[in-house]
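Printed here is protein-v6.tsv (TSV, C-alpha atoms):
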chain	number	residue	atom	x	y	z
A	1	MET	CA	0.00	0.00	0.00
A	2	PRO	CA	1.34	3.51	-0.76
A	3	VAL	CA	3.41	5.21	1.93
A	4	ALA	CA	1.51	8.52	1.75
A	5	VAL	CA	-1.76	7.16	3.09
A	6	ASP	CA	-3.43	10.53	3.63
A	7	ASP	CA	-1.94	12.85	1.01
A	8	PRO	CA	-0.65	11.08	-2.12
A	9	PRO	CA	0.33	13.19	-5.14
A	10	LEU	CA	-2.47	14.26	-7.45
A	11	PRO	CA	-3.36	11.41	-9.80
A	12	THR	CA	-1.85	11.12	-13.26
A	13	THR	CA	-4.75	8.98	-14.50
A	14	LEU	CA	-8.45	9.73	-14.37
A	15	GLN	CA	-11.73	8.17	-15.50
A	16	LEU	CA	-14.55	10.47	-16.55
A	17	GLU	CA	-18.10	9.37	-17.24
A	18	VAL	CA	-18.63	11.40	-20.41
A	19	THR	CA	-22.26	10.29	-20.53
A	20	SER	CA	-24.67	8.38	-18.31
A	21	ALA	CA	-26.95	7.63	-21.28
A	22	CYS	CA	-26.88	4.27	-23.05
A	23	ASN	CA	-28.69	2.73	-26.00
A	24	LEU	CA	-28.61	-0.80	-24.51
A	25	ARG	CA	-30.03	-2.43	-21.37
A	26	CYS	CA	-27.36	-5.04	-20.62
A	27	LEU	CA	-28.24	-7.65	-18.01
A	28	MET	CA	-25.20	-7.03	-15.79
A	29	CYS	CA	-25.23	-3.24	-15.94
A	30	LEU	CA	-26.80	-0.83	-13.49
A	31	VAL	CA	-28.24	1.13	-16.42
A	32	ARG	CA	-30.78	-1.66	-16.97
A	33	TYR	CA	-32.22	-1.24	-13.49
A	34	ARG	CA	-32.71	2.53	-13.66
A	35	PRO	CA	-34.90	4.86	-15.74
A	36	PRO	CA	-33.50	5.72	-19.21
A	37	VAL	CA	-31.39	8.88	-19.54
A	38	ASN	CA	-31.63	11.27	-22.48
A	39	LYS	CA	-28.31	11.50	-24.33
A	40	LEU	CA	-28.14	15.29	-24.04
A	41	ALA	CA	-29.19	15.40	-20.39
A	42	GLY	CA	-26.77	12.58	-19.55
A	43	ALA	CA	-23.71	14.11	-21.21
A	44	MET	CA	-20.86	15.63	-19.20
A	45	ARG	CA	-20.73	19.29	-20.16
A	46	PRO	CA	-17.53	20.51	-21.86
A	47	GLU	CA	-16.96	23.18	-19.23
A	48	LEU	CA	-16.95	20.53	-16.49
A	49	PHE	CA	-14.56	18.36	-18.50
A	50	HIS	CA	-12.13	21.23	-19.08
A	51	ARG	CA	-12.30	22.33	-15.44
A	52	VAL	CA	-11.25	18.88	-14.26
A	53	VAL	CA	-8.49	18.45	-16.84
A	54	ASP	CA	-7.15	21.93	-16.12
A	55	ASP	CA	-6.99	21.04	-12.42
A	56	LEU	CA	-4.55	18.22	-13.21
A	57	PRO	CA	-1.57	19.52	-15.25
A	58	GLY	CA	0.27	16.25	-14.63
A	59	LEU	CA	-2.49	14.12	-16.16
A	60	ARG	CA	-1.08	11.39	-18.44
A	61	GLY	CA	-3.93	8.90	-18.86
A	62	LEU	CA	-7.63	9.54	-19.42
A	63	THR	CA	-10.49	7.05	-19.72
A	64	LEU	CA	-13.68	8.54	-21.17
A	65	GLN	CA	-16.34	6.14	-19.98
A	66	GLY	CA	-18.72	5.28	-17.20
A	67	LEU	CA	-22.11	3.62	-17.09
A	68	GLY	CA	-23.18	5.09	-20.44
A	69	GLU	CA	-22.11	4.58	-24.05
A	70	PRO	CA	-19.38	7.14	-24.93
A	71	LEU	CA	-20.36	7.32	-28.61
A	72	LEU	CA	-23.64	8.93	-27.51
A	73	SER	CA	-21.77	11.95	-26.15
A	74	PRO	CA	-21.91	14.89	-28.57
A	75	TYR	CA	-18.65	16.13	-27.04
A	76	LEU	CA	-16.56	12.96	-27.28
A	77	MET	CA	-14.38	13.99	-30.22
A	78	GLU	CA	-13.68	17.39	-28.64
A	79	MET	CA	-12.61	15.67	-25.43
A	80	ILE	CA	-10.32	13.29	-27.30
A	81	ALA	CA	-8.77	16.21	-29.21
A	82	THR	CA	-8.11	18.08	-25.96
A	83	ALA	CA	-6.40	15.05	-24.43
A	84	VAL	CA	-4.28	14.34	-27.52
A	85	ALA	CA	-3.19	17.99	-27.73
A	86	ARG	CA	-1.95	17.73	-24.12
A	87	ASP	CA	-0.09	14.49	-24.81
A	88	ILE	CA	-2.53	12.52	-22.62
A	89	THR	CA	-3.14	8.91	-23.61
A	90	VAL	CA	-6.91	8.63	-24.00
A	91	GLY	CA	-9.36	5.83	-24.71
A	92	PHE	CA	-12.77	4.39	-23.90
A	93	ASN	CA	-15.00	1.34	-23.87
A	94	THR	CA	-17.85	1.03	-26.36
A	95	ASN	CA	-20.63	-1.42	-27.14
A	96	ALA	CA	-19.78	-0.69	-30.83
A	97	THR	CA	-23.41	-0.56	-31.96
A	98	LEU	CA	-22.86	3.02	-33.19
A	99	LEU	CA	-19.33	2.45	-34.51
A	100	THR	CA	-19.96	2.99	-38.22
A	101	ARG	CA	-17.17	2.91	-40.80
A	102	ARG	CA	-17.16	6.72	-40.87
A	103	ARG	CA	-16.88	6.99	-37.10
A	104	ALA	CA	-14.18	4.32	-37.03
A	105	ALA	CA	-12.11	6.28	-39.54
A	106	GLU	CA	-12.61	9.50	-37.54
A	107	LEU	CA	-11.52	7.81	-34.34
A	108	VAL	CA	-8.40	6.32	-35.91
A	109	ALA	CA	-7.51	9.77	-37.26
A	110	SER	CA	-8.21	11.41	-33.89
A	111	GLY	CA	-5.20	9.87	-32.18
A	112	VAL	CA	-7.25	8.02	-29.58
A	113	GLY	CA	-4.85	5.61	-27.90
A	114	TRP	CA	-7.07	2.64	-27.24
A	115	MET	CA	-10.60	1.32	-27.67
A	116	HIS	CA	-12.25	-1.56	-25.85
A	117	VAL	CA	-15.25	-3.22	-27.49
A	118	SER	CA	-17.70	-5.20	-25.36
A	119	LEU	CA	-18.52	-8.56	-26.93
A	120	ASP	CA	-19.96	-11.24	-24.67
A	121	GLY	CA	-20.60	-14.06	-27.11
A	122	ALA	CA	-19.60	-15.71	-30.36
A	123	ARG	CA	-23.19	-16.31	-31.47
A	124	ALA	CA	-26.07	-13.89	-31.96
A	125	GLU	CA	-28.38	-15.75	-29.59
A	126	ALA	CA	-25.92	-15.77	-26.70
A	127	TYR	CA	-24.70	-12.20	-27.20
A	128	GLN	CA	-28.11	-10.60	-27.69
A	129	ARG	CA	-29.48	-12.30	-24.59
A	130	VAL	CA	-26.91	-10.37	-22.53
A	131	ARG	CA	-26.64	-7.12	-24.50
A	132	ASP	CA	-30.33	-6.28	-24.68
A	133	GLY	CA	-31.01	-4.01	-27.66
A	134	ALA	CA	-27.88	-4.87	-29.65
A	135	ASP	CA	-27.51	-6.74	-32.93
A	136	PHE	CA	-24.64	-9.23	-33.01
A	137	ASP	CA	-23.97	-9.04	-36.76
A	138	THR	CA	-23.85	-5.24	-36.65
A	139	VAL	CA	-21.39	-5.22	-33.76
A	140	VAL	CA	-19.10	-7.79	-35.41
A	141	ALA	CA	-19.21	-5.82	-38.67
A	142	ASN	CA	-18.41	-2.60	-36.81
A	143	LEU	CA	-15.52	-4.21	-34.96
A	144	THR	CA	-14.20	-5.58	-38.26
A	145	GLY	CA	-14.54	-2.09	-39.72
A	146	LEU	CA	-12.51	-0.57	-36.89
A	147	VAL	CA	-9.68	-3.04	-37.50
A	148	ALA	CA	-9.87	-2.28	-41.24
A	149	ALA	CA	-9.80	1.49	-40.64
A	150	LYS	CA	-6.72	1.16	-38.47
A	151	ARG	CA	-4.96	-0.93	-41.09
A	152	ALA	CA	-5.96	1.40	-43.93
A	153	ALA	CA	-4.47	4.34	-42.05
A	154	GLY	CA	-1.29	2.41	-41.28
A	155	SER	CA	-1.76	3.43	-37.68
A	156	ASP	CA	-0.51	1.76	-34.51
A	157	THR	CA	-3.47	3.20	-32.63
A	158	PRO	CA	-6.00	2.68	-31.30
A	159	TRP	CA	-5.02	-0.50	-29.49
A	160	ILE	CA	-8.11	-2.66	-29.93
A	161	ARG	CA	-9.19	-4.92	-27.11
A	162	VAL	CA	-12.39	-6.92	-26.82
A	163	VAL	CA	-13.82	-7.17	-23.32
A	164	PHE	CA	-15.86	-10.22	-22.34
A	165	VAL	CA	-17.79	-10.33	-19.06
A	166	ALA	CA	-17.58	-13.91	-17.83
A	167	MET	CA	-20.78	-15.21	-16.26
A	168	ARG	CA	-22.35	-18.61	-15.81
A	169	ASP	CA	-24.53	-18.05	-18.89
A	170	THR	CA	-21.72	-16.75	-21.11
A	171	VAL	CA	-18.50	-18.56	-20.20
A	172	ASP	CA	-19.02	-21.39	-22.71
A	173	GLU	CA	-18.80	-18.84	-25.55
A	174	LEU	CA	-15.13	-18.06	-24.89
A	175	PRO	CA	-13.30	-20.59	-27.12
A	176	ALA	CA	-15.43	-19.72	-30.16
A	177	LEU	CA	-15.02	-16.00	-29.45
A	178	VAL	CA	-11.23	-16.38	-29.50
A	179	ARG	CA	-11.52	-17.99	-32.93
A	180	LEU	CA	-13.76	-15.17	-34.15
A	181	LEU	CA	-11.36	-12.49	-32.95
A	182	GLY	CA	-8.43	-14.33	-34.53
A	183	ARG	CA	-10.22	-14.11	-37.89
A	184	ILE	CA	-11.01	-10.42	-37.45
A	185	GLY	CA	-7.50	-9.52	-36.30
A	186	VAL	CA	-8.23	-8.04	-32.87
A	187	ASP	CA	-5.18	-7.30	-30.71
A	188	GLU	CA	-6.40	-8.72	-27.40
A	189	LEU	CA	-9.26	-10.38	-25.50
A	190	HIS	CA	-9.72	-9.33	-21.89
A	191	VAL	CA	-11.99	-11.59	-19.85
A	192	GLN	CA	-13.27	-10.18	-16.57
A	193	ASN	CA	-15.70	-11.15	-13.86
A	194	LEU	CA	-18.71	-9.15	-12.77
A	195	SER	CA	-17.40	-6.10	-10.96
A	196	HIS	CA	-19.40	-6.07	-7.76
A	197	SER	CA	-21.60	-8.28	-5.60
A	198	PHE	CA	-23.60	-5.37	-4.14
A	199	SER	CA	-23.50	-7.32	-0.88
A	200	ASP	CA	-23.34	-4.02	1.02
A	201	ALA	CA	-26.68	-2.91	-0.45
A	202	ASP	CA	-30.08	-3.44	1.13
A	203	PRO	CA	-31.45	-6.75	-0.29
A	204	ALA	CA	-34.84	-5.06	-0.66
A	205	GLY	CA	-33.51	-1.67	-1.77
A	206	ARG	CA	-32.87	-0.02	-5.13
A	207	TYR	CA	-29.99	-2.42	-5.91
A	208	ALA	CA	-32.05	-5.55	-5.23
A	209	GLU	CA	-32.36	-6.65	-8.88
A	210	ILE	CA	-28.71	-6.31	-9.84
A	211	ARG	CA	-27.67	-7.85	-6.52
A	212	ALA	CA	-29.84	-10.91	-7.23
A	213	PHE	CA	-28.57	-11.13	-10.81
A	214	THR	CA	-24.95	-11.05	-9.68
A	215	ALA	CA	-25.55	-13.71	-7.02
A	216	ASP	CA	-26.97	-15.99	-9.72
A	217	GLN	CA	-24.36	-15.32	-12.44
A	218	ALA	CA	-21.02	-14.57	-10.76
A	219	LEU	CA	-18.32	-17.19	-11.29
A	220	TRP	CA	-16.75	-16.42	-7.91
A	221	THR	CA	-19.65	-18.22	-6.16
A	222	GLY	CA	-18.02	-21.51	-7.12
A	223	VAL	CA	-21.12	-22.80	-8.93
A	224	ASP	CA	-20.07	-24.28	-12.29
A	225	ALA	CA	-16.41	-23.78	-11.35
A	226	ASP	CA	-15.31	-26.88	-13.28
A	227	ARG	CA	-17.19	-25.80	-16.40
A	228	ALA	CA	-15.68	-22.32	-16.20
A	229	ALA	CA	-12.18	-23.74	-15.74
A	230	GLU	CA	-12.64	-25.97	-18.78
A	231	ALA	CA	-13.85	-23.01	-20.89
A	232	PHE	CA	-10.86	-20.94	-19.76
A	233	GLN	CA	-8.48	-23.77	-20.62
A	234	ARG	CA	-9.95	-24.25	-24.09
A	235	ALA	CA	-9.93	-20.51	-24.74
A	236	ALA	CA	-6.26	-20.28	-23.69
A	237	ALA	CA	-5.35	-23.11	-26.06
A	238	GLU	CA	-7.14	-21.36	-28.95
A	239	ALA	CA	-5.46	-18.05	-28.10
A	240	ASP	CA	-2.02	-19.68	-28.14
A	241	ARG	CA	-2.80	-21.30	-31.48
A	242	LEU	CA	-4.06	-18.09	-33.09
A	243	GLY	CA	-1.71	-15.59	-31.45
A	244	VAL	CA	-4.49	-13.69	-29.67
A	245	ARG	CA	-3.48	-12.05	-26.39
A	246	LEU	CA	-5.76	-13.38	-23.69
A	247	ARG	CA	-6.29	-12.27	-20.11
A	248	LEU	CA	-8.33	-14.52	-17.84
A	249	PRO	CA	-9.64	-13.67	-14.35
A	250	ARG	CA	-9.49	-15.65	-11.14
A	251	THR	CA	-12.72	-17.25	-9.96
A	252	ALA	CA	-11.74	-17.23	-6.28
A	253	THR	CA	-9.79	-14.88	-4.03
A	254	PRO	CA	-6.18	-16.11	-3.83
A	255	PRO	CA	-4.69	-16.97	-0.43
A	256	ALA	CA	-3.10	-13.94	1.22
A	257	ALA	CA	0.67	-13.90	1.58
A	258	PRO	CA	2.14	-13.14	5.03
A	259	GLY	CA	1.44	-9.51	5.86
A	260	ASP	CA	-0.70	-9.11	2.74
A	261	ARG	CA	-4.38	-8.25	2.42
A	262	PRO	CA	-6.80	-7.84	-0.48
A	263	GLY	CA	-7.02	-4.28	-1.67
A	264	CYS	CA	-6.52	-1.83	-4.48
A	265	SER	CA	-4.58	1.36	-5.19
A	266	TRP	CA	-7.29	3.42	-6.93
A	267	PRO	CA	-7.79	6.04	-4.14
A	268	TRP	CA	-4.04	6.80	-4.18
A	269	GLU	CA	-3.47	6.78	-7.93
A	270	ALA	CA	-6.66	7.61	-9.84
A	271	ALA	CA	-10.28	8.73	-9.48
A	272	TYR	CA	-13.66	8.39	-11.13
A	273	ILE	CA	-15.92	11.37	-11.83
A	274	THR	CA	-19.54	10.99	-12.92
A	275	SER	CA	-21.14	13.00	-15.71
A	276	THR	CA	-22.57	15.41	-13.12
A	277	GLY	CA	-19.23	15.91	-11.37
A	278	VAL	CA	-19.54	13.55	-8.40
A	279	VAL	CA	-16.08	12.27	-7.39
A	280	GLN	CA	-15.88	8.59	-6.44
A	281	PRO	CA	-12.86	6.47	-5.49
A	282	CYS	CA	-13.23	4.21	-8.54
A	283	CYS	CA	-15.57	3.01	-11.28
A	284	MET	CA	-16.24	-0.33	-9.60
A	285	VAL	CA	-18.72	0.83	-6.97
A	286	MET	CA	-21.39	1.90	-9.50
A	287	GLY	CA	-24.11	4.30	-8.42
A	288	ASP	CA	-23.24	7.85	-7.39
A	289	ASP	CA	-25.22	7.46	-4.17
A	290	ARG	CA	-22.96	4.67	-2.87
A	291	VAL	CA	-19.79	6.71	-2.29
A	292	ARG	CA	-19.51	10.49	-2.70
A	293	LEU	CA	-16.19	12.12	-1.88
A	294	GLY	CA	-17.19	15.53	-3.21
A	295	THR	CA	-18.39	17.21	-6.38
A	296	VAL	CA	-16.32	19.32	-8.76
A	297	ALA	CA	-19.35	21.57	-9.21
A	298	GLU	CA	-18.68	22.85	-5.68
A	299	ARG	CA	-14.94	22.37	-5.10
A	300	SER	CA	-11.85	21.95	-7.25
A	301	PHE	CA	-10.57	18.42	-7.74
A	302	PRO	CA	-7.38	19.03	-5.68
A	303	GLU	CA	-9.52	20.30	-2.80
A	304	ILE	CA	-11.56	17.10	-2.94
A	305	TRP	CA	-8.49	14.87	-3.36
A	306	TYR	CA	-6.93	16.29	-0.19
A	307	GLY	CA	-10.25	16.69	1.63
A	308	ALA	CA	-11.43	14.99	4.80
A	309	GLU	CA	-13.71	12.52	2.98
A	310	TYR	CA	-10.92	11.18	0.75
A	311	ARG	CA	-8.47	10.98	3.65
A	312	ALA	CA	-10.95	9.01	5.76
A	313	PHE	CA	-11.69	6.65	2.87
A	314	ARG	CA	-8.00	5.96	2.27
A	315	ARG	CA	-7.36	5.26	5.94
A	316	ARG	CA	-10.19	2.74	6.10
A	317	LEU	CA	-9.15	1.01	2.88
A	318	ALA	CA	-5.55	0.75	4.09
A	319	GLY	CA	-6.66	-0.61	7.45
A	320	ASP	CA	-8.31	-3.74	8.76
A	321	THR	CA	-11.91	-2.50	8.36
A	322	PRO	CA	-12.29	-1.37	4.75
A	323	PRO	CA	-15.46	0.42	3.61
A	324	GLU	CA	-18.36	-1.99	3.10
A	325	VAL	CA	-18.70	-0.95	-0.52
A	326	CYS	CA	-15.14	-2.21	-1.16
A	327	GLN	CA	-15.71	-5.61	0.41
A	328	GLY	CA	-18.07	-6.66	-2.39
A	329	CYS	CA	-15.74	-5.45	-5.15
A	330	SER	CA	-14.12	-8.11	-7.31
A	331	LEU	CA	-11.05	-5.92	-7.84
A	332	TYR	CA	-10.60	-5.56	-4.08
A	333	ARG	CA	-10.98	-9.34	-3.71
A	334	ARG	CA	-8.58	-9.90	-6.65
A	335	THR	CA	-11.07	-11.78	-8.79
A	336	PHE	CA	-11.79	-9.10	-11.39

Could you render the structure as structure tokens?
Amino acid sequence: MPVAVDDPPLPTTLQLEVTSACNLRCLMCLVRYRPPVNKLAGAMRPELFHRVVDDLPGLRGLTLQGLGEPLLSPYLMEMIATAVARDITVGFNTNATLLTRRRAAELVASGVGWMHVSLDGARAEAYQRVRDGADFDTVVANLTGLVAAKRAAGSDTPWIRVVFVAMRDTVDELPALVRLLGRIGVDELHVQNLSHSFSDADPAGRYAEIRAFTADQALWTGVDADRAAEAFQRAAAEADRLGVRLRLPRTATPPAAPGDRPGCSWPWEAAYITSTGVVQPCCMVMGDDRVRLGTVAERSFPEIWYGAEYRAFRRRLAGDTPPEVCQGCSLYRRTF
């Protein structure tokens, strides 16, 4: 854990939710369990974006994503241009439903450093069951178009990674997905678990539905562990054969080494800011009512970073009684 528990240097990496609006209702996402958000109302305003970036002259990495779909933000390209002009490596996740050939070419030309495309199946039936509102063939065509646009430009960027959320109902898709990505020419496949158990939330409260879904689908419960392990093994063999970079998650918290404890470094190294300016310790908690360390609409980011709320949060996370919201986090438990 960092030495400067209370007052670490200002972060050099930041994640900004450029929009809270989304065009899909994915089963594992909090967006599904909340009222829809208009794409204009949900967008982070440019003046808020610039205020935050200006507060951090040492910023070197910027992630432009949150609960929403970044391609819905009318200000996305302006934000990318600002980051590139300041020599900040910038990228974002996308569901790729809106990633037309024209937009792919614009993004390649923009200098965006990386793009992650969510793809949770190798067949239309499996994928569309998870990504409610998406069309599998369209997404695969758009991903293929992004790879083609990058090649046509002779560009090393963006680095293209596909992200697969491993769940009991999706894990069998992995080996076939590796084969599909090998044919398309994608750089990397990143497999991750569900991000949070929501075990700290009221079982009958506003997080009841996503809490129940996670309890049923998370691989870390140990249910279907053998089937998941077999799927991971087959996917790894296919990745080796095809030269696809593959990252697989753990399905159980590893034993702690002497003097070690589960944890993360987010509150010392980075931060997450919602589209309305609420500062949170990371993107994993989901829901701006779960942890609020301040809002940049009221105070500057450095004031919040060195404020009493952040200091108290860091102390608890570094100690033996971490915040309850962290205890259900798969990154904190090293299973993400």

Which neighbours of region 177-181 of chain A fall inside 7 Å, counting all atoms listed in the file, when residues of the same chain fewer than 4 positions from it are skipped, and could you give them as a count of residues only?
-> 8

Any idea what the distance is between CA of Ala134 (chain A) and CA of Thr97 (chain A)?
->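 Calculated distance between CA of Ala134 (chain A) and CA of Thr97 (chain A) is 6.6 Å.
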
Have a look at A:Phe136, A:Trp268, A:Trp114, A:Tyr332 and name the one nearest to Asp187 (chain A); count only C-alpha atoms.
->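 Ranking A:Phe136, A:Trp268, A:Trp114, A:Tyr332 by distance to Asp187 (chain A), first place goes to A:Trp114.
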
Just give me the residues with any atom within 9 Å of (-13.1, 5.3, -18.1), file coordinates, counting all atoms listed in the file, written as a PyMOL selection string.
-> chain A and resi 14-18+62-66+91-93+272+283

How far is it from CA of Met284 (chain A) to CA of Cys29 (chain A), in Å with one decimal?
->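 A separation of 11.4 Å between them.
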
Computed interatomic separation between CA of Gly263 (chain A) and CA of Pro203 (chain A) (Å) =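 One can read the CA of Gly263 (chain A) to CA of Pro203 (chain A) distance as 24.6 Å.
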
Excluding region 243-256 of chain A and any residue of its chain fewer than 4 positions from it, enumerate the residues within 6 Å of it, using all atoms listed in the file, and give them as a PyMOL selection string.
-> chain A and resi 188-192+219-220+239+260-261+333-336

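Proximity ranking of A:Ala228, A:Val171, A:Val279, A:Ala212 relative to Glu303 (chain A) places A:Val279 first, based on only C-alpha atoms.
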
Name the residues in contact with Thr19 (chain A) at a cut-off of 10 Å, using all atoms listed in the file, excluding same-chain residues fewer than 3 positions from it; report them as a PyMOL selection string.
-> chain A and resi 16+22+37-45+64-76+274-276

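Considering the residues A:Asp156, A:Glu298, A:Glu269, A:Asp135 and counting all atoms listed in the file, Arg60 (chain A) has its shortest atom-to-atom contact with A:Glu269.
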
Polymer residues at most 9 Å from region 307-317 of chain A, only C-alpha atoms, same-chain spacing of 2 or more positions, as a list of chain:residue names |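 Final neighbour list, sorted by chain and number: A:Val5, A:Asp6, A:Asp7, A:Gly263, A:Cys264, A:Pro267, A:Trp268, A:Pro281, A:Arg292, A:Leu293, A:Gly294, A:Pro302, A:Glu303, A:Ile304, A:Trp305, A:Gly319, A:Asp320, A:Thr321, A:Pro322, A:Pro323, A:Cys326.
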
Do a neighbour search on Arg206 (chain A) at 10 Å with only C-alpha atoms, toss out local chain neighbours closer than 5 positions, and write the hits as a list in words.
->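 Close residues of Arg206 (chain A): Tyr33, Arg34, Ala201 and Arg211 of chain A.
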
Which is closer to His116 (chain A) than all the others in A:Val163, A:Arg241, A:Thr157, A:Asp54, using all atoms listed in the file?
->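 Smallest separation from His116 (chain A) among the options: A:Val163.
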
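Minimum distance to Met286 (chain A) across A:Val139, A:Ala318, A:Val325, A:Ala176 (counting all atoms listed in the file) occurs at A:Val325.
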
Pick from A:Gln217, A:Asn142, A:Thr82, A:Ser20, whichever lies nearest to Leu99 (chain A) using only C-alpha atoms |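 Of A:Gln217, A:Asn142, A:Thr82, A:Ser20, the one nearest Leu99 (chain A) is A:Asn142, counting only C-alpha atoms.
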